[in-house]
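Shown next: my_file.txt, containing compact mmCIF, C-alpha atoms.
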# COMPACT_ATOMS: atom_id res chain seq x y z
CA MET A 45 3.88 21.70 14.68
CA ASN A 46 0.66 23.65 15.10
CA ALA A 47 -2.48 23.34 17.19
CA GLN A 48 -4.31 21.31 14.54
CA HIS A 49 -1.67 18.59 14.91
CA LEU A 50 -1.49 18.60 18.71
CA ILE A 51 -5.11 18.97 19.86
CA PRO A 52 -6.32 15.65 18.33
CA LEU A 53 -3.60 13.84 20.33
CA LEU A 54 -4.54 15.37 23.68
CA ASP A 55 -6.02 13.52 26.65
CA LEU A 56 -7.31 16.57 28.53
CA THR A 57 -6.90 15.58 32.16
CA SER A 58 -8.24 16.54 35.57
CA LEU A 59 -7.24 14.14 38.34
CA ASN A 60 -7.24 16.35 41.42
CA ASP A 61 -8.66 15.49 44.82
CA SER A 62 -10.45 18.84 44.69
CA ASP A 63 -12.34 18.04 41.46
CA THR A 64 -16.09 18.69 41.56
CA PRO A 65 -18.92 18.25 39.05
CA GLU A 66 -18.33 21.90 38.14
CA THR A 67 -14.67 21.13 37.43
CA ILE A 68 -15.68 18.32 35.09
CA GLU A 69 -18.28 20.44 33.33
CA HIS A 70 -15.62 23.08 32.63
CA LEU A 71 -13.17 20.41 31.45
CA CYS A 72 -15.70 19.01 29.01
CA GLN A 73 -16.39 22.50 27.67
CA GLN A 74 -12.65 23.02 27.19
CA ALA A 75 -12.38 19.70 25.35
CA LEU A 76 -14.54 21.08 22.54
CA THR A 77 -11.95 23.62 21.42
CA PRO A 78 -12.46 26.22 18.68
CA LEU A 79 -9.92 24.25 16.65
CA GLY A 80 -11.60 20.88 17.09
CA PRO A 81 -12.05 18.27 19.81
CA VAL A 82 -9.33 16.67 21.90
CA ALA A 83 -8.89 12.90 21.75
CA ALA A 84 -10.23 12.24 25.25
CA VAL A 85 -10.94 13.65 28.67
CA CYS A 86 -9.30 11.75 31.53
CA ILE A 87 -11.09 11.96 34.88
CA TYR A 88 -11.72 10.07 38.09
CA PRO A 89 -14.21 7.17 37.94
CA LYS A 90 -16.90 8.98 39.91
CA PHE A 91 -17.23 11.56 37.12
CA VAL A 92 -17.43 9.17 34.15
CA ARG A 93 -21.22 9.14 33.91
CA GLN A 94 -21.38 12.94 34.08
CA ALA A 95 -18.76 13.35 31.36
CA GLN A 96 -20.51 10.78 29.19
CA ASN A 97 -23.72 12.81 29.42
CA LEU A 98 -21.96 16.13 28.78
CA LEU A 99 -20.07 14.86 25.74
CA ALA A 100 -22.83 12.75 24.22
CA GLY A 101 -22.56 13.03 20.45
CA ALA A 102 -19.08 14.55 20.57
CA ASN A 103 -16.16 12.68 19.03
CA ILE A 104 -14.32 12.60 22.37
CA LYS A 105 -13.44 9.50 24.36
CA ILE A 106 -14.11 9.24 28.10
CA ALA A 107 -10.98 7.95 29.85
CA THR A 108 -10.61 7.15 33.52
CA VAL A 109 -8.12 5.60 35.93
CA VAL A 110 -8.01 2.54 38.18
CA ASN A 111 -5.43 1.33 40.69
CA PHE A 112 -4.52 5.01 40.77
CA PRO A 113 -2.18 6.54 41.71
CA ASP A 114 -0.15 4.20 43.92
CA GLY A 115 -0.70 0.95 42.04
CA ASN A 116 -1.37 -1.05 45.19
CA GLU A 117 -5.13 -1.66 45.30
CA ALA A 118 -6.46 -5.19 45.64
CA LEU A 119 -7.29 -6.83 42.33
CA ILE A 120 -10.88 -7.50 43.42
CA ASP A 121 -11.39 -3.77 44.03
CA CYS A 122 -9.87 -2.86 40.66
CA ILE A 123 -12.12 -5.34 38.88
CA SER A 124 -15.16 -3.92 40.64
CA GLU A 125 -14.19 -0.40 39.60
CA ILE A 126 -13.54 -1.46 36.01
CA LYS A 127 -17.00 -3.01 35.82
CA GLN A 128 -18.58 0.16 37.21
CA VAL A 129 -16.83 2.61 34.85
CA MET A 130 -17.65 0.43 31.88
CA GLN A 131 -21.29 0.52 32.93
CA ASP A 132 -21.05 4.30 33.33
CA GLY A 133 -19.79 4.74 29.78
CA ALA A 134 -15.99 4.86 29.84
CA HIS A 135 -14.22 4.17 26.54
CA GLU A 136 -10.65 3.97 27.84
CA ILE A 137 -9.18 2.87 31.18
CA ASP A 138 -5.72 3.85 32.38
CA VAL A 139 -4.52 1.14 34.79
CA VAL A 140 -1.54 1.70 37.05
CA MET A 141 0.78 -1.28 36.94
CA PRO A 142 1.58 -2.55 40.48
CA TYR A 143 5.03 -1.05 40.00
CA GLU A 144 6.28 -1.61 43.54
CA ASN A 145 5.60 -5.33 43.13
CA TYR A 146 7.42 -5.22 39.80
CA LEU A 147 10.43 -3.57 41.42
CA ASP A 148 10.36 -6.29 44.09
CA GLY A 149 10.69 -8.89 41.33
CA ASP A 150 7.12 -10.17 41.56
CA VAL A 151 6.80 -10.24 37.79
CA ASN A 152 4.31 -13.10 37.49
CA ASN A 153 1.77 -11.51 39.81
CA VAL A 154 2.09 -8.17 38.05
CA LEU A 155 1.43 -9.83 34.71
CA GLU A 156 -1.52 -11.76 36.13
CA PHE A 157 -2.94 -8.52 37.56
CA LEU A 158 -2.77 -6.78 34.19
CA GLN A 159 -4.15 -9.82 32.37
CA ALA A 160 -7.08 -9.97 34.80
CA CYS A 161 -7.86 -6.30 34.14
CA ARG A 162 -7.65 -6.91 30.40
CA GLY A 163 -9.94 -9.90 30.69
CA ILE A 164 -12.64 -7.93 32.50
CA MET A 165 -12.47 -5.10 29.98
CA GLY A 166 -12.81 -7.31 26.94
CA ALA A 167 -11.44 -6.62 23.50
CA ASP A 168 -13.38 -3.42 22.78
CA MET A 169 -12.15 -1.37 25.73
CA VAL A 170 -8.92 0.60 25.33
CA MET A 171 -6.52 -0.29 28.15
CA LYS A 172 -3.63 2.04 28.85
CA VAL A 173 -1.07 0.68 31.31
CA ILE A 174 0.68 3.32 33.44
CA LEU A 175 4.21 2.21 34.29
CA GLU A 176 5.11 5.11 36.64
CA THR A 177 8.50 5.45 34.97
CA GLY A 178 9.72 7.99 37.54
CA ALA A 179 9.74 5.20 40.11
CA LEU A 180 11.32 2.65 37.76
CA ILE A 181 14.07 5.10 36.65
CA ASN A 182 16.41 2.68 34.86
CA PRO A 183 15.65 2.41 31.10
CA GLU A 184 16.14 -1.36 31.21
CA ILE A 185 13.61 -1.67 34.03
CA VAL A 186 11.22 0.59 32.12
CA ALA A 187 11.62 -1.56 29.02
CA GLY A 188 10.91 -4.71 31.02
CA ALA A 189 7.76 -3.18 32.46
CA ALA A 190 6.67 -2.09 28.98
CA GLN A 191 7.17 -5.64 27.74
CA LEU A 192 4.89 -6.94 30.51
CA ALA A 193 2.21 -4.45 29.48
CA ILE A 194 2.48 -5.62 25.88
CA GLU A 195 2.17 -9.26 27.00
CA ALA A 196 -1.00 -8.27 28.86
CA LYS A 197 -2.39 -6.88 25.57
CA ALA A 198 -2.34 -3.21 26.53
CA ASN A 199 -3.52 -0.86 23.80
CA PHE A 200 -1.28 1.95 25.07
CA ILE A 201 1.67 2.20 27.41
CA LYS A 202 1.67 5.38 29.50
CA THR A 203 4.64 6.86 31.30
CA SER A 204 3.31 8.34 34.52
CA THR A 205 0.50 9.20 36.90
CA GLY A 206 1.75 12.75 37.39
CA LYS A 207 1.51 12.15 41.14
CA ILE A 208 5.17 11.56 42.05
CA ASN A 209 8.13 13.93 41.80
CA VAL A 210 9.53 12.50 38.57
CA GLY A 211 7.11 12.51 35.67
CA ALA A 212 7.76 11.69 32.03
CA THR A 213 11.28 11.86 30.63
CA LEU A 214 12.57 11.50 27.09
CA GLN A 215 14.81 8.65 28.27
CA ALA A 216 11.85 6.66 29.60
CA ALA A 217 9.81 7.47 26.50
CA ALA A 218 12.58 6.13 24.28
CA ALA A 219 12.72 2.90 26.31
CA ILE A 220 8.97 2.39 25.91
CA LEU A 221 8.88 3.28 22.21
CA ASN A 222 11.81 1.01 21.38
CA THR A 223 10.11 -1.85 23.25
CA ILE A 224 6.90 -1.28 21.31
CA LYS A 225 8.81 -1.20 18.03
CA ALA A 226 10.68 -4.41 18.84
CA SER A 227 7.42 -6.17 19.71
CA ALA A 228 5.86 -5.37 16.31
CA LYS A 229 2.53 -5.20 18.16
CA PRO A 230 -0.13 -2.51 17.52
CA VAL A 231 0.51 -0.73 20.83
CA GLY A 232 0.32 3.02 21.32
CA PHE A 233 2.26 5.38 23.58
CA LYS A 234 0.95 8.00 26.01
CA VAL A 235 3.23 10.53 27.64
CA ALA A 236 1.95 12.10 30.85
CA GLY A 237 3.38 13.80 33.90
CA GLY A 238 4.86 17.26 33.44
CA VAL A 239 4.09 17.96 29.79
CA ARG A 240 2.93 21.58 29.99
CA THR A 241 4.24 23.39 26.91
CA VAL A 242 4.07 22.99 23.16
CA GLU A 243 7.85 22.71 23.10
CA GLN A 244 7.81 19.76 25.50
CA ALA A 245 5.01 18.04 23.58
CA VAL A 246 6.86 18.45 20.28
CA GLU A 247 9.99 16.85 21.77
CA TYR A 248 8.04 13.68 22.54
CA ILE A 249 6.33 13.63 19.17
CA GLN A 250 9.64 14.07 17.38
CA LEU A 251 11.11 11.23 19.44
CA ALA A 252 8.19 8.99 18.49
CA GLU A 253 8.58 9.95 14.84
CA LYS A 254 12.29 9.12 14.97
CA ILE A 255 11.71 5.67 16.46
CA MET A 256 8.34 4.67 14.97
CA GLY A 257 8.13 6.77 11.80
CA LYS A 258 6.22 9.94 11.06
CA GLU A 259 3.18 8.08 9.70
CA TRP A 260 2.77 6.31 13.06
CA ILE A 261 1.63 9.49 14.83
CA SER A 262 -2.15 9.54 15.24
CA PRO A 263 -4.72 9.52 18.08
CA GLN A 264 -4.84 5.73 17.72
CA THR A 265 -1.15 5.42 18.66
CA MET A 266 0.05 8.64 20.32
CA ARG A 267 -1.49 10.57 23.19
CA LEU A 268 -0.41 13.54 25.27
CA GLY A 269 -1.87 13.44 28.77
CA ALA A 270 -1.97 16.92 30.30
CA SER A 271 -4.09 19.47 32.13
CA SER A 272 -2.48 22.81 31.24
CA LEU A 273 -1.03 21.95 27.81
CA LEU A 274 -4.22 22.87 25.96
CA ASP A 275 -4.05 26.47 27.11
CA ASN A 276 -0.45 26.71 25.92
CA ILE A 277 -1.37 25.19 22.57
CA LEU A 278 -4.19 27.67 22.01
CA GLU A 279 -2.08 30.63 23.13
CA SER A 280 0.77 29.71 20.79
CA ASP A 281 -1.36 29.03 17.72

Represent the structure from my file as structure tokens, please.
Amino acid sequence: MNAQHLIPLLDLTSLNDSDTPETIEHLCQQALTPLGPVAAVCIYPKFVRQAQNLLAGANIKIATVVNFPDGNEALIDCISEIKQVMQDGAHEIDVVMPYENYLDGDVNNVLEFLQACRGIMGADMVMKVILETGALINPEIVAGAAQLAIEAKANFIKTSTGKINVGATLQAAAAILNTIKASAKPVGFKVAGGVRTVEQAVEYIQLAEKIMGKEWISPQTMRLGASSLLDNILESD
């Protein structure tokens, strides 16, 4: 699998506390690779307007995060942030599921939280729900969380924030993909958290192909969230 296959699936990400406007400018420059644009840049909300201006006219989505990374912000604050990033020009919003509440068995409130976020975004906004699979661990628990995200009408289900010790795993990815397949809903999959090499990326794509079918793989259904993967892709091409 070469660079031309991988780059269009990439959510080029910078979610560091040390990020500056200069960081985001460099990220947006990187996103316009010599081999074509990435699918999206994923950045903190405060940089959405800047990225929108820098990538105006480019075929690159602006993605951002809310309830990030711990998944424990008040719903009213998340709704306020969603409204602001939509106004600033975001195309996609990655929402962290309140995974600690889910682990505590508070399933109804978790679902209501995700449904409220979906309702504020409206039908045109892409909502990716981050499960934080490294905290959920058990494949059955991961599958249950994925099912909640599907019920909340997520467009994508994402593995991880990349902010805890355990990021994406093939086991968690399989649990999510099998849940999506069983639902027969048009839901995509985003792997994030520790995907740094072409070899790792290909493992996830091959897993998705095995479960969902080779024709399923496209930027509309499969994303690779990473910060250093692009460099590895370009070096290995």

- Item | Spatial neighbours of Ile220 of chain A, max dist 12 Å, all atoms listed in the file, sep filter under 4 positions, as a PyMOL selection string | chain A and resi 173-177+182-194+200-204+212-216+224-227+231-235+248+251-252+255-256

Keeping only C-alpha atoms, write those residues as an mmCIF file, in the coordinates of the input.
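File out_23.cif, as written:
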data_model
loop_
_atom_site.group_PDB
_atom_site.id
_atom_site.type_symbol
_atom_site.label_atom_id
_atom_site.label_comp_id
_atom_site.auth_asym_id
_atom_site.auth_seq_id
_atom_site.Cartn_x
_atom_site.Cartn_y
_atom_site.Cartn_z
ATOM 1 C CA VAL A 173 -1.070 0.680 31.310
ATOM 2 C CA ILE A 174 0.680 3.320 33.440
ATOM 3 C CA LEU A 175 4.210 2.210 34.290
ATOM 4 C CA GLU A 176 5.110 5.110 36.640
ATOM 5 C CA THR A 177 8.500 5.450 34.970
ATOM 6 C CA ASN A 182 16.410 2.680 34.860
ATOM 7 C CA PRO A 183 15.650 2.410 31.100
ATOM 8 C CA GLU A 184 16.140 -1.360 31.210
ATOM 9 C CA ILE A 185 13.610 -1.670 34.030
ATOM 10 C CA VAL A 186 11.220 0.590 32.120
ATOM 11 C CA ALA A 187 11.620 -1.560 29.020
ATOM 12 C CA GLY A 188 10.910 -4.710 31.020
ATOM 13 C CA ALA A 189 7.760 -3.180 32.460
ATOM 14 C CA ALA A 190 6.670 -2.090 28.980
ATOM 15 C CA GLN A 191 7.170 -5.640 27.740
ATOM 16 C CA LEU A 192 4.890 -6.940 30.510
ATOM 17 C CA ALA A 193 2.210 -4.450 29.480
ATOM 18 C CA ILE A 194 2.480 -5.620 25.880
ATOM 19 C CA PHE A 200 -1.280 1.950 25.070
ATOM 20 C CA ILE A 201 1.670 2.200 27.410
ATOM 21 C CA LYS A 202 1.670 5.380 29.500
ATOM 22 C CA THR A 203 4.640 6.860 31.300
ATOM 23 C CA SER A 204 3.310 8.340 34.520
ATOM 24 C CA ALA A 212 7.760 11.690 32.030
ATOM 25 C CA THR A 213 11.280 11.860 30.630
ATOM 26 C CA LEU A 214 12.570 11.500 27.090
ATOM 27 C CA GLN A 215 14.810 8.650 28.270
ATOM 28 C CA ALA A 216 11.850 6.660 29.600
ATOM 29 C CA ILE A 224 6.900 -1.280 21.310
ATOM 30 C CA LYS A 225 8.810 -1.200 18.030
ATOM 31 C CA ALA A 226 10.680 -4.410 18.840
ATOM 32 C CA SER A 227 7.420 -6.170 19.710
ATOM 33 C CA VAL A 231 0.510 -0.730 20.830
ATOM 34 C CA GLY A 232 0.320 3.020 21.320
ATOM 35 C CA PHE A 233 2.260 5.380 23.580
ATOM 36 C CA LYS A 234 0.950 8.000 26.010
ATOM 37 C CA VAL A 235 3.230 10.530 27.640
ATOM 38 C CA TYR A 248 8.040 13.680 22.540
ATOM 39 C CA LEU A 251 11.110 11.230 19.440
ATOM 40 C CA ALA A 252 8.190 8.990 18.490
ATOM 41 C CA ILE A 255 11.710 5.670 16.460
ATOM 42 C CA MET A 256 8.340 4.670 14.970
#

- Query: Between A:Leu268, A:Ala84, A:Cys161, A:Ala47, which one has atoms that come closest to Lys127 of chain A, using all atoms listed in the file?
  - Reply: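 Closest to Lys127 of chain A of all the choices is A:Cys161.
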
- Task: Fewer than 3 positions away in the same chain doesn't count, so skip those; otherwise give me all residues within 10 Å of Gly163 of chain A, counting all atoms listed in the file, as a list in words.
- Result: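 Near neighbours after the sequence-gap exclusion: Ile123, Phe157, Leu158, Gln159, Ala160, Gly166, Ala167, Ala196 and Lys197 of chain A.
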
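For the residues A:Ser272, A:Thr64, A:Thr77, A:Asn222, ranking by smallest atom-to-atom distance to Glu253 of chain A using all atoms listed in the file places A:Asn222 first.
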
- Query: Which neighbours of Ile208 of chain A fall inside 9 Å, counting all atoms listed in the file, when residues of the same chain fewer than 5 positions from it are skipped, and could you give them as a ChimeraX atom specification?
  - Reply: /A:113,176,178-179,237

- Would you please work out which residue, of A:Gln73, A:Ser62, A:Gln244, A:Asn276, is nearest to Ile104 of chain A when using all atoms listed in the file?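 Using all atoms listed in the file, the shortest distance to Ile104 of chain A belongs to A:Gln73.
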
- Task: Could you tell me which of A:Ile164, A:Ile137, A:Ile68, A:Leu54 comes closest to Ile120 of chain A if we count all atoms listed in the file?
- Result: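 Counting all atoms listed in the file, the residue closest to Ile120 of chain A is A:Ile164.
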
Fill-in result for segment 100-111 of chain A, all heavy atoms as a CSV table (one decimal), keeping the file's coordinate frame:
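File written: out.csv
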chain,number,residue,atom,x,y,z
A,100,ALA,N,-22.0,13.6,25.1
A,100,ALA,CA,-22.8,12.8,24.2
A,100,ALA,C,-22.9,13.4,22.8
A,100,ALA,O,-23.2,14.5,22.7
A,100,ALA,CB,-24.2,12.6,24.8
A,101,GLY,N,-22.5,12.6,21.8
A,101,GLY,CA,-22.6,13.0,20.4
A,101,GLY,C,-21.3,13.7,20.0
A,101,GLY,O,-21.1,13.9,18.8
A,102,ALA,N,-20.4,14.0,20.9
A,102,ALA,CA,-19.1,14.6,20.6
A,102,ALA,C,-18.1,13.4,20.3
A,102,ALA,O,-18.2,12.3,20.8
A,102,ALA,CB,-18.5,15.4,21.7
A,103,ASN,N,-17.2,13.7,19.4
A,103,ASN,CA,-16.2,12.7,19.0
A,103,ASN,C,-15.0,12.7,20.0
A,103,ASN,O,-13.8,13.0,19.6
A,103,ASN,CB,-15.7,12.9,17.6
A,103,ASN,CG,-14.8,11.8,17.1
A,103,ASN,OD1,-14.9,10.7,17.6
A,103,ASN,ND2,-13.9,12.1,16.2
A,104,ILE,N,-15.3,12.5,21.3
A,104,ILE,CA,-14.3,12.6,22.4
A,104,ILE,C,-14.5,11.4,23.3
A,104,ILE,O,-15.6,11.1,23.7
A,104,ILE,CB,-14.5,13.9,23.2
A,104,ILE,CG1,-14.2,15.1,22.3
A,104,ILE,CG2,-13.5,13.9,24.4
A,104,ILE,CD1,-14.5,16.4,23.0
A,105,LYS,N,-13.4,10.7,23.5
A,105,LYS,CA,-13.4,9.5,24.4
A,105,LYS,C,-13.5,9.9,25.8
A,105,LYS,O,-12.9,10.9,26.2
A,105,LYS,CB,-12.2,8.6,24.1
A,105,LYS,CG,-12.1,8.2,22.7
A,105,LYS,CD,-13.2,7.3,22.2
A,105,LYS,CE,-13.0,6.8,20.8
A,105,LYS,NZ,-14.1,6.0,20.3
A,106,ILE,N,-14.1,9.1,26.7
A,106,ILE,CA,-14.1,9.2,28.1
A,106,ILE,C,-13.1,8.2,28.7
A,106,ILE,O,-13.3,7.0,28.6
A,106,ILE,CB,-15.5,9.0,28.7
A,106,ILE,CG1,-16.6,9.7,28.0
A,106,ILE,CG2,-15.5,9.3,30.2
A,106,ILE,CD1,-16.5,11.2,28.0
A,107,ALA,N,-12.0,8.8,29.2
A,107,ALA,CA,-11.0,8.0,29.8
A,107,ALA,C,-11.0,8.1,31.4
A,107,ALA,O,-11.3,9.2,31.9
A,107,ALA,CB,-9.6,8.3,29.3
A,108,THR,N,-10.7,7.1,32.1
A,108,THR,CA,-10.6,7.2,33.5
A,108,THR,C,-9.4,6.3,34.0
A,108,THR,O,-8.7,5.7,33.2
A,108,THR,CB,-11.9,6.7,34.1
A,108,THR,OG1,-11.9,7.1,35.5
A,108,THR,CG2,-12.2,5.2,34.0
A,109,VAL,N,-9.3,6.3,35.3
A,109,VAL,CA,-8.1,5.6,35.9
A,109,VAL,C,-8.5,4.6,37.0
A,109,VAL,O,-9.5,4.8,37.7
A,109,VAL,CB,-7.2,6.6,36.6
A,109,VAL,CG1,-6.5,7.5,35.5
A,109,VAL,CG2,-7.9,7.5,37.6
A,110,VAL,N,-7.8,3.5,37.1
A,110,VAL,CA,-8.0,2.5,38.2
A,110,VAL,C,-6.6,2.1,38.7
A,110,VAL,O,-5.6,2.3,38.1
A,110,VAL,CB,-8.8,1.3,37.7
A,110,VAL,CG1,-10.2,1.6,37.2
A,110,VAL,CG2,-8.0,0.5,36.7
A,111,ASN,N,-6.7,1.6,40.0
A,111,ASN,CA,-5.4,1.3,40.7
A,111,ASN,C,-4.5,2.6,40.8
A,111,ASN,O,-3.3,2.5,40.7
A,111,ASN,CB,-4.7,0.2,40.0
A,111,ASN,CG,-3.8,-0.6,41.0
A,111,ASN,OD1,-4.0,-0.6,42.2
A,111,ASN,ND2,-2.7,-1.2,40.5
